[in-house]
Amino acid sequence: MTLTTDTFTWVSGLVRQRSAIVLETGKEYLVESRLLPLARAAGSTDVDAYVRGIRQAGSPRALEQVVEALTTNETSWFRDALPFTTLTRHIVPQLEAERPGGVVKVWSAACSSGQEAYSIAMALEHLVAARRLEILGTDLNQQVVERARAARYNQLEVNRGLPAPMLVKYFTRHGSDWEVSPTLRSVTTFARHNLLDAPPGGPFDVVFLRNVLIYFDLPTKRDVLRRVRQAIRPGGYLLLGAAETTIGIDDGWERVSHDRGSVYRPASGRAA
Ligand SMILES: C[S@@+](CC[C@H](N)C(=O)[O-])C[C@H]1O[C@@H](n2cnc3c(N)ncnc32)[C@H](O)[C@@H]1O
């Protein structure tokens with residue numbers, strides 16, 4: 001069965017309003033397949049009927065679940081590798097030279113189920129050992145935030161990019177799952193946060209905002225980048241996904257090239 005235009009228009013409007021994720025016409029199949037598990041849990045296989053029910057008498061949580069179902073939570077350990085080598089080889093040495101002995105504050109924004117935040121902790125193990133690292137991981141989707149907090153991953157998830165020595169050093173086996181060590185967990189906290197809202201604290205030395213701007217339209221990308229800029233301390237850094245840039249979107253950043261990639265810093269002397 002295919003969704004009615006009315007259902008698709010309502011769902012895509014709700015998702016856009018609450019998350020800024022753009023669902024273009026043609027994504028009806030995606031919407032239907034993502035909402036089917038919710039409809040089934042409510043005792044129906046008819047997504048149209050399920051959405052009609054929510055529109056008439058849906059609880060706030062039911063509406064949130066629809067939005068969460070339309071987020072894409074694809075992630076992996078040390079995703080794309082380069083941002084993590086740039087962090088250890090260039091960014092953190094620079095921060096440490098500026099503020100010897102200081103605590104490095106990192107925001108992993110739109111962190112999904114936490115692999116990015118824990119990868120940052122593993123990459124910066126010398127700071128973890130010295131208790132000089134604080135990582136805040138945030139995401140709009142409550143379910144992935146809870147998974148990140150639980151810090152348990154199955155074998156398939158662990159196989160996606162986690163080097164064997166890191167697995168041995170930082171994980172313990174629990175049945176068929178692997179649990180992140182208390183050492184890494186002691187420097188990471190997770191919270192629900194919508195990038196459409198004010199930043200969740202700061203100022204941060206480093207912000208990872210990776211593979212999420214791609215879901216937004218241009219004005220939203222600009223707004224998000226401006227808000228994130230206000231949450232980074234002068235001299236701090238922003239790392240984006242491989243397909244993302246600030247260029248042509250928000251001119252309050254300067255691009256710094258390292259190795260084969262780019263990172264961004266709030267442009268000095270520029271007002272927010
Ligand atoms: C593809 S994942 C990226 C995860 C991780 N940053 C990475 O690069 O592997 C995108 C994440 O963005 C989150 N997201 C989407 N819209 C959001 C919003 N408005 N505010 C906060 N998080 C959002 C989704 O829930 C999802 O977990």
# chains A, B, ... in the order shown; residues from 1 in each chain; ligands from 1

$ residues_around --residues "A:Val187" --least-positions-apart "3" --cutoff "7 Å" --atoms "only C-alpha atoms" --output "PyMOL selection string"
chain A and resi 128+133-135+184

$ select_by_dssp --residues "stretch 25-98 of chain A" --states "alpha helix (DSSP H)" --output "PyMOL selection string"
chain A and resi 28-41+47-57+60-69+82-86+92-98

$ write_last_selection --atoms "C-alpha atoms" --output "CSV table (one decimal), in the first residue's frame"
chain,number,residue,atom,x,y,z
A,28,GLU,CA,6.7,8.4,0.5
A,29,TYR,CA,8.2,4.9,0.6
A,30,LEU,CA,10.7,5.9,3.2
A,31,VAL,CA,8.0,7.5,5.4
A,32,GLU,CA,5.8,4.4,5.1
A,33,SER,CA,8.6,1.9,5.9
A,34,ARG,CA,9.8,3.9,8.9
A,35,LEU,CA,6.3,4.3,10.4
A,36,LEU,CA,5.2,0.7,9.8
A,37,PRO,CA,6.9,-0.5,13.0
A,38,LEU,CA,5.1,2.2,15.0
A,39,ALA,CA,1.8,1.3,13.4
A,40,ARG,CA,2.4,-2.4,14.1
A,41,ALA,CA,3.2,-1.7,17.7
A,47,VAL,CA,0.2,3.4,8.2
A,48,ASP,CA,-2.4,5.8,6.9
A,49,ALA,CA,-4.9,4.8,9.6
A,50,TYR,CA,-2.2,5.0,12.2
A,51,VAL,CA,-1.3,8.6,11.2
A,52,ARG,CA,-5.0,9.5,11.1
A,53,GLY,CA,-5.3,8.2,14.7
A,54,ILE,CA,-2.4,10.3,15.8
A,55,ARG,CA,-3.7,13.4,14.1
A,56,GLN,CA,-7.0,13.1,15.9
A,57,ALA,CA,-5.7,12.1,19.4
A,60,PRO,CA,3.0,14.3,22.6
A,61,ARG,CA,5.2,11.2,22.8
A,62,ALA,CA,3.5,9.6,19.8
A,63,LEU,CA,4.3,12.7,17.7
A,64,GLU,CA,7.9,12.6,18.9
A,65,GLN,CA,8.1,9.0,17.9
A,66,VAL,CA,7.0,9.8,14.4
A,67,VAL,CA,9.8,12.5,14.1
A,68,GLU,CA,12.4,10.1,15.7
A,69,ALA,CA,11.4,7.4,13.2
A,82,LEU,CA,40.6,11.8,9.0
A,83,PRO,CA,38.7,14.0,11.5
A,84,PHE,CA,40.1,11.9,14.4
A,85,THR,CA,43.7,12.1,13.1
A,86,THR,CA,43.2,15.9,12.6
A,92,VAL,CA,44.5,19.2,20.4
A,93,PRO,CA,48.3,20.0,20.3
A,94,GLN,CA,47.3,23.6,19.3
A,95,LEU,CA,44.7,23.8,22.2
A,96,GLU,CA,47.3,22.5,24.6
A,97,ALA,CA,49.9,24.9,23.5
A,98,GLU,CA,47.4,27.8,24.1

$ select_by_dssp --residues "stretch 13-251 of chain A" --states "strand (DSSP E or B)" --output "JSON list (two decimals) with N, CA and C atoms, in the first residue's frame"
[["chain", "number", "residue", "atom", "x", "y", "z"],
["A", 104, "VAL", "N", 39.80, 20.12, 27.97],
["A", 104, "VAL", "CA", 39.31, 20.27, 26.60],
["A", 104, "VAL", "C", 37.83, 19.85, 26.58],
["A", 105, "LYS", "N", 36.99, 20.80, 26.15],
["A", 105, "LYS", "CA", 35.54, 20.53, 26.13],
["A", 105, "LYS", "C", 35.07, 20.29, 24.70],
["A", 106, "VAL", "N", 34.47, 19.13, 24.47],
["A", 106, "VAL", "CA", 34.05, 18.74, 23.12],
["A", 106, "VAL", "C", 32.55, 18.51, 23.11],
["A", 107, "TRP", "N", 31.90, 19.00, 22.06],
["A", 107, "TRP", "CA", 30.46, 18.72, 21.84],
["A", 107, "TRP", "C", 30.33, 17.85, 20.59],
["A", 108, "SER", "N", 29.79, 16.65, 20.80],
["A", 108, "SER", "CA", 29.48, 15.78, 19.66],
["A", 108, "SER", "C", 27.98, 15.98, 19.39],
["A", 109, "ALA", "N", 27.69, 16.90, 18.45],
["A", 109, "ALA", "CA", 26.30, 17.29, 18.18],
["A", 109, "ALA", "C", 25.70, 16.33, 17.15],
["A", 133, "LEU", "N", 39.42, 15.95, 29.89],
["A", 133, "LEU", "CA", 38.54, 15.90, 28.73],
["A", 133, "LEU", "C", 37.09, 15.80, 29.20],
["A", 134, "GLU", "N", 36.23, 16.62, 28.59],
["A", 134, "GLU", "CA", 34.78, 16.53, 28.85],
["A", 134, "GLU", "C", 34.08, 16.47, 27.50],
["A", 135, "ILE", "N", 33.31, 15.42, 27.28],
["A", 135, "ILE", "CA", 32.61, 15.28, 26.00],
["A", 135, "ILE", "C", 31.10, 15.27, 26.27],
["A", 136, "LEU", "N", 30.39, 16.14, 25.58],
["A", 136, "LEU", "CA", 28.93, 16.12, 25.65],
["A", 136, "LEU", "C", 28.41, 15.62, 24.29],
["A", 137, "GLY", "N", 27.66, 14.52, 24.32],
["A", 137, "GLY", "CA", 27.03, 14.02, 23.10],
["A", 137, "GLY", "C", 25.55, 14.34, 23.15],
["A", 138, "THR", "N", 25.00, 14.89, 22.06],
["A", 138, "THR", "CA", 23.57, 15.23, 22.05],
["A", 138, "THR", "C", 22.93, 14.77, 20.75],
["A", 139, "ASP", "N", 21.65, 14.48, 20.84],
["A", 139, "ASP", "CA", 20.88, 14.13, 19.63],
["A", 139, "ASP", "C", 19.41, 14.45, 19.90],
["A", 152, "ARG", "N", 26.29, 0.14, 25.29],
["A", 152, "ARG", "CA", 26.40, -1.28, 24.91],
["A", 152, "ARG", "C", 26.17, -1.44, 23.42],
["A", 153, "TYR", "N", 27.02, -2.21, 22.78],
["A", 153, "TYR", "CA", 26.97, -2.36, 21.32],
["A", 153, "TYR", "C", 27.06, -3.83, 20.96],
["A", 154, "ASN", "N", 26.31, -4.22, 19.92],
["A", 154, "ASN", "CA", 26.38, -5.61, 19.51],
["A", 154, "ASN", "C", 27.58, -5.85, 18.59],
["A", 171, "PHE", "N", 36.62, -2.15, 26.14],
["A", 171, "PHE", "CA", 35.30, -2.77, 26.18],
["A", 171, "PHE", "C", 35.36, -4.06, 26.98],
["A", 172, "THR", "N", 34.23, -4.37, 27.63],
["A", 172, "THR", "CA", 34.11, -5.70, 28.26],
["A", 172, "THR", "C", 32.88, -6.38, 27.67],
["A", 173, "ARG", "N", 32.97, -7.72, 27.64],
["A", 173, "ARG", "CA", 31.92, -8.49, 27.00],
["A", 173, "ARG", "C", 30.76, -8.71, 27.98],
["A", 174, "HIS", "N", 29.53, -8.52, 27.49],
["A", 174, "HIS", "CA", 28.33, -8.83, 28.29],
["A", 174, "HIS", "C", 27.43, -9.66, 27.41],
["A", 177, "ASP", "N", 26.93, -8.74, 23.73],
["A", 177, "ASP", "CA", 27.22, -7.31, 23.57],
["A", 177, "ASP", "C", 28.60, -6.94, 24.14],
["A", 178, "TRP", "N", 29.02, -5.73, 23.78],
["A", 178, "TRP", "CA", 30.26, -5.17, 24.32],
["A", 178, "TRP", "C", 29.93, -3.85, 25.00],
["A", 179, "GLU", "N", 30.49, -3.67, 26.22],
["A", 179, "GLU", "CA", 30.18, -2.44, 26.98],
["A", 179, "GLU", "C", 31.42, -1.56, 27.10],
["A", 180, "VAL", "N", 31.21, -0.26, 26.88],
["A", 180, "VAL", "CA", 32.31, 0.72, 26.97],
["A", 180, "VAL", "C", 32.79, 0.81, 28.42],
["A", 188, "THR", "N", 32.24, 11.21, 29.38],
["A", 188, "THR", "CA", 31.18, 11.48, 28.39],
["A", 188, "THR", "C", 29.82, 11.59, 29.08],
["A", 189, "THR", "N", 29.05, 12.59, 28.67],
["A", 189, "THR", "CA", 27.65, 12.65, 29.10],
["A", 189, "THR", "C", 26.80, 12.83, 27.85],
["A", 190, "PHE", "N", 25.55, 12.39, 27.93],
["A", 190, "PHE", "CA", 24.66, 12.47, 26.78],
["A", 190, "PHE", "C", 23.36, 13.14, 27.18],
["A", 191, "ALA", "N", 22.81, 13.92, 26.27],
["A", 191, "ALA", "CA", 21.55, 14.62, 26.54],
["A", 191, "ALA", "C", 20.77, 14.77, 25.24],
["A", 192, "ARG", "N", 19.47, 14.89, 25.39],
["A", 192, "ARG", "CA", 18.65, 15.18, 24.23],
["A", 192, "ARG", "C", 18.78, 16.66, 23.90],
["A", 204, "PHE", "N", 32.56, 25.56, 23.91],
["A", 204, "PHE", "CA", 33.28, 24.33, 23.62],
["A", 204, "PHE", "C", 34.57, 24.66, 22.88],
["A", 205, "ASP", "N", 35.58, 23.81, 23.09],
["A", 205, "ASP", "CA", 36.84, 23.95, 22.34],
["A", 205, "ASP", "C", 36.71, 23.33, 20.96],
["A", 206, "VAL", "N", 35.95, 22.24, 20.89],
["A", 206, "VAL", "CA", 35.80, 21.51, 19.63],
["A", 206, "VAL", "C", 34.35, 21.07, 19.49],
["A", 207, "VAL", "N", 33.78, 21.28, 18.30],
["A", 207, "VAL", "CA", 32.43, 20.75, 18.03],
["A", 207, "VAL", "C", 32.49, 19.83, 16.82],
["A", 208, "PHE", "N", 32.03, 18.61, 17.01],
["A", 208, "PHE", "CA", 31.81, 17.70, 15.89],
["A", 208, "PHE", "C", 30.33, 17.86, 15.50],
["A", 209, "LEU", "N", 30.09, 18.26, 14.25],
["A", 209, "LEU", "CA", 28.71, 18.43, 13.76],
["A", 209, "LEU", "C", 28.69, 17.73, 12.40],
["A", 232, "ILE", "N", 31.18, 28.06, 20.35],
["A", 232, "ILE", "CA", 32.60, 27.69, 20.28],
["A", 232, "ILE", "C", 33.43, 28.86, 20.81],
["A", 233, "ARG", "N", 34.37, 28.55, 21.67],
["A", 233, "ARG", "CA", 35.18, 29.65, 22.21],
["A", 233, "ARG", "C", 36.14, 30.15, 21.12],
["A", 234, "PRO", "N", 36.56, 31.44, 21.22],
["A", 234, "PRO", "CA", 37.49, 31.95, 20.20],
["A", 234, "PRO", "C", 38.70, 31.03, 20.11],
["A", 235, "GLY", "N", 39.08, 30.67, 18.92],
["A", 235, "GLY", "CA", 40.22, 29.75, 18.76],
["A", 235, "GLY", "C", 39.81, 28.29, 18.74],
["A", 236, "GLY", "N", 38.52, 28.01, 18.96],
["A", 236, "GLY", "CA", 38.04, 26.62, 18.93],
["A", 236, "GLY", "C", 37.79, 26.15, 17.50],
["A", 237, "TYR", "N", 37.37, 24.91, 17.39],
["A", 237, "TYR", "CA", 37.27, 24.27, 16.07],
["A", 237, "TYR", "C", 35.92, 23.60, 15.83],
["A", 238, "LEU", "N", 35.51, 23.58, 14.55],
["A", 238, "LEU", "CA", 34.32, 22.87, 14.11],
["A", 238, "LEU", "C", 34.73, 21.82, 13.08],
["A", 239, "LEU", "N", 34.24, 20.59, 13.26],
["A", 239, "LEU", "CA", 34.49, 19.54, 12.28],
["A", 239, "LEU", "C", 33.17, 19.10, 11.68],
["A", 240, "LEU", "N", 33.09, 19.13, 10.35],
["A", 240, "LEU", "CA", 31.87, 18.76, 9.64],
["A", 240, "LEU", "C", 32.05, 17.41, 8.95]]

$ residues_near_ligand --ligand "ligand 1" --cutoff "8 Å" --atoms "only C-alpha atoms and all ligand atoms" --output "ChimeraX atom specification"
/A:18-21,68,71-77,79,108-116,138-141,144,192-196,208-212,215,241

$ write_last_selection --atoms "N, CA and C atoms" --output "tab-separated table (two decimals), in the first residue's frame"
chain	number	residue	atom	x	y	z
A	18	ARG	N	9.65	20.10	13.43
A	18	ARG	CA	10.26	19.71	14.70
A	18	ARG	C	11.74	19.37	14.62
A	19	SER	N	12.23	19.00	13.43
A	19	SER	CA	13.63	18.59	13.34
A	19	SER	C	14.39	19.32	12.24
A	20	ALA	N	13.66	19.99	11.33
A	20	ALA	CA	14.23	20.64	10.14
A	20	ALA	C	14.62	19.64	9.05
A	21	ILE	N	14.41	18.35	9.29
A	21	ILE	CA	14.74	17.35	8.26
A	21	ILE	C	13.76	17.52	7.10
A	68	GLU	N	11.15	10.92	15.41
A	68	GLU	CA	12.35	10.09	15.65
A	68	GLU	C	12.49	9.00	14.60
A	71	THR	N	14.35	10.11	11.56
A	71	THR	CA	15.77	10.49	11.61
A	71	THR	C	16.60	9.30	11.10
A	72	THR	N	17.71	9.61	10.50
A	72	THR	CA	18.61	8.55	10.01
A	72	THR	C	19.81	8.53	10.95
A	73	ASN	N	20.02	7.41	11.64
A	73	ASN	CA	20.99	7.35	12.73
A	73	ASN	C	22.27	6.60	12.37
A	74	GLU	N	22.49	6.47	11.08
A	74	GLU	CA	23.70	5.82	10.56
A	74	GLU	C	24.96	6.41	11.20
A	75	THR	N	25.81	5.55	11.77
A	75	THR	CA	27.07	6.03	12.35
A	75	THR	C	28.04	4.87	12.44
A	76	SER	N	29.27	5.15	12.82
A	76	SER	CA	30.25	4.08	13.02
A	76	SER	C	31.40	4.63	13.86
A	77	TRP	N	32.31	3.75	14.28
A	77	TRP	CA	33.47	4.17	15.08
A	77	TRP	C	34.46	4.87	14.17
A	79	ARG	N	34.45	7.30	12.29
A	79	ARG	CA	33.87	7.45	10.95
A	79	ARG	C	34.73	8.38	10.07
A	108	SER	N	29.79	16.65	20.80
A	108	SER	CA	29.48	15.78	19.66
A	108	SER	C	27.98	15.98	19.39
A	109	ALA	N	27.69	16.90	18.45
A	109	ALA	CA	26.30	17.29	18.18
A	109	ALA	C	25.70	16.33	17.15
A	110	ALA	N	24.44	15.93	17.38
A	110	ALA	CA	23.81	14.91	16.52
A	110	ALA	C	24.65	13.64	16.53
A	111	CYS	N	24.88	13.13	17.74
A	111	CYS	CA	25.86	12.06	17.98
A	111	CYS	C	25.31	10.68	17.71
A	112	SER	N	24.02	10.57	17.40
A	112	SER	CA	23.39	9.26	17.21
A	112	SER	C	23.65	8.38	18.45
A	113	SER	N	24.00	7.11	18.26
A	113	SER	CA	24.09	6.19	19.41
A	113	SER	C	25.43	6.24	20.13
A	114	GLY	N	26.24	7.27	19.91
A	114	GLY	CA	27.39	7.53	20.78
A	114	GLY	C	28.75	7.09	20.25
A	115	GLN	N	28.78	6.39	19.12
A	115	GLN	CA	30.08	5.92	18.62
A	115	GLN	C	31.06	7.08	18.39
A	116	GLU	N	30.54	8.22	17.90
A	116	GLU	CA	31.41	9.37	17.65
A	116	GLU	C	32.02	9.89	18.96
A	138	THR	N	25.00	14.89	22.06
A	138	THR	CA	23.57	15.23	22.05
A	138	THR	C	22.93	14.77	20.75
A	139	ASP	N	21.65	14.48	20.84
A	139	ASP	CA	20.88	14.13	19.63
A	139	ASP	C	19.41	14.45	19.90
A	140	LEU	N	18.70	14.67	18.82
A	140	LEU	CA	17.25	14.92	18.90
A	140	LEU	C	16.48	13.66	19.30
A	141	ASN	N	17.00	12.53	18.88
A	141	ASN	CA	16.28	11.26	19.04
A	141	ASN	C	16.56	10.65	20.42
A	144	VAL	N	18.20	7.07	20.61
A	144	VAL	CA	19.64	6.92	20.41
A	144	VAL	C	20.43	7.53	21.57
A	192	ARG	N	19.47	14.89	25.39
A	192	ARG	CA	18.65	15.18	24.23
A	192	ARG	C	18.78	16.66	23.90
A	193	HIS	N	18.98	16.97	22.64
A	193	HIS	CA	19.07	18.38	22.23
A	193	HIS	C	18.71	18.51	20.76
A	194	ASN	N	17.92	19.54	20.46
A	194	ASN	CA	17.52	19.82	19.09
A	194	ASN	C	18.40	20.95	18.55
A	195	LEU	N	19.00	20.76	17.41
A	195	LEU	CA	19.89	21.78	16.83
A	195	LEU	C	19.13	23.05	16.45
A	196	LEU	N	17.81	23.00	16.46
A	196	LEU	CA	17.02	24.22	16.20
A	196	LEU	C	16.95	25.11	17.44
A	208	PHE	N	32.03	18.61	17.01
A	208	PHE	CA	31.81	17.70	15.89
A	208	PHE	C	30.33	17.86	15.50
A	209	LEU	N	30.09	18.26	14.25
A	209	LEU	CA	28.71	18.43	13.76
A	209	LEU	C	28.69	17.73	12.40
A	210	ARG	N	28.65	16.41	12.48
A	210	ARG	CA	28.97	15.64	11.28
A	210	ARG	C	27.76	14.86	10.76
A	211	ASN	N	27.56	14.98	9.46
A	211	ASN	CA	26.54	14.19	8.76
A	211	ASN	C	25.13	14.44	9.28
A	212	VAL	N	24.85	15.71	9.56
A	212	VAL	CA	23.48	16.09	9.94
A	212	VAL	C	23.01	17.30	9.13
A	215	TYR	N	20.79	16.99	5.97
A	215	TYR	CA	19.33	16.75	5.98
A	215	TYR	C	18.52	18.05	5.97
A	241	GLY	N	30.96	16.87	8.41
A	241	GLY	CA	31.04	15.63	7.64
A	241	GLY	C	31.72	15.86	6.30

$ closest_residue --among "A:Trp10, A:Thr5, A:Ala243, A:Phe78" --to "A:Asn159" --atoms "only C-alpha atoms"
A:Phe78
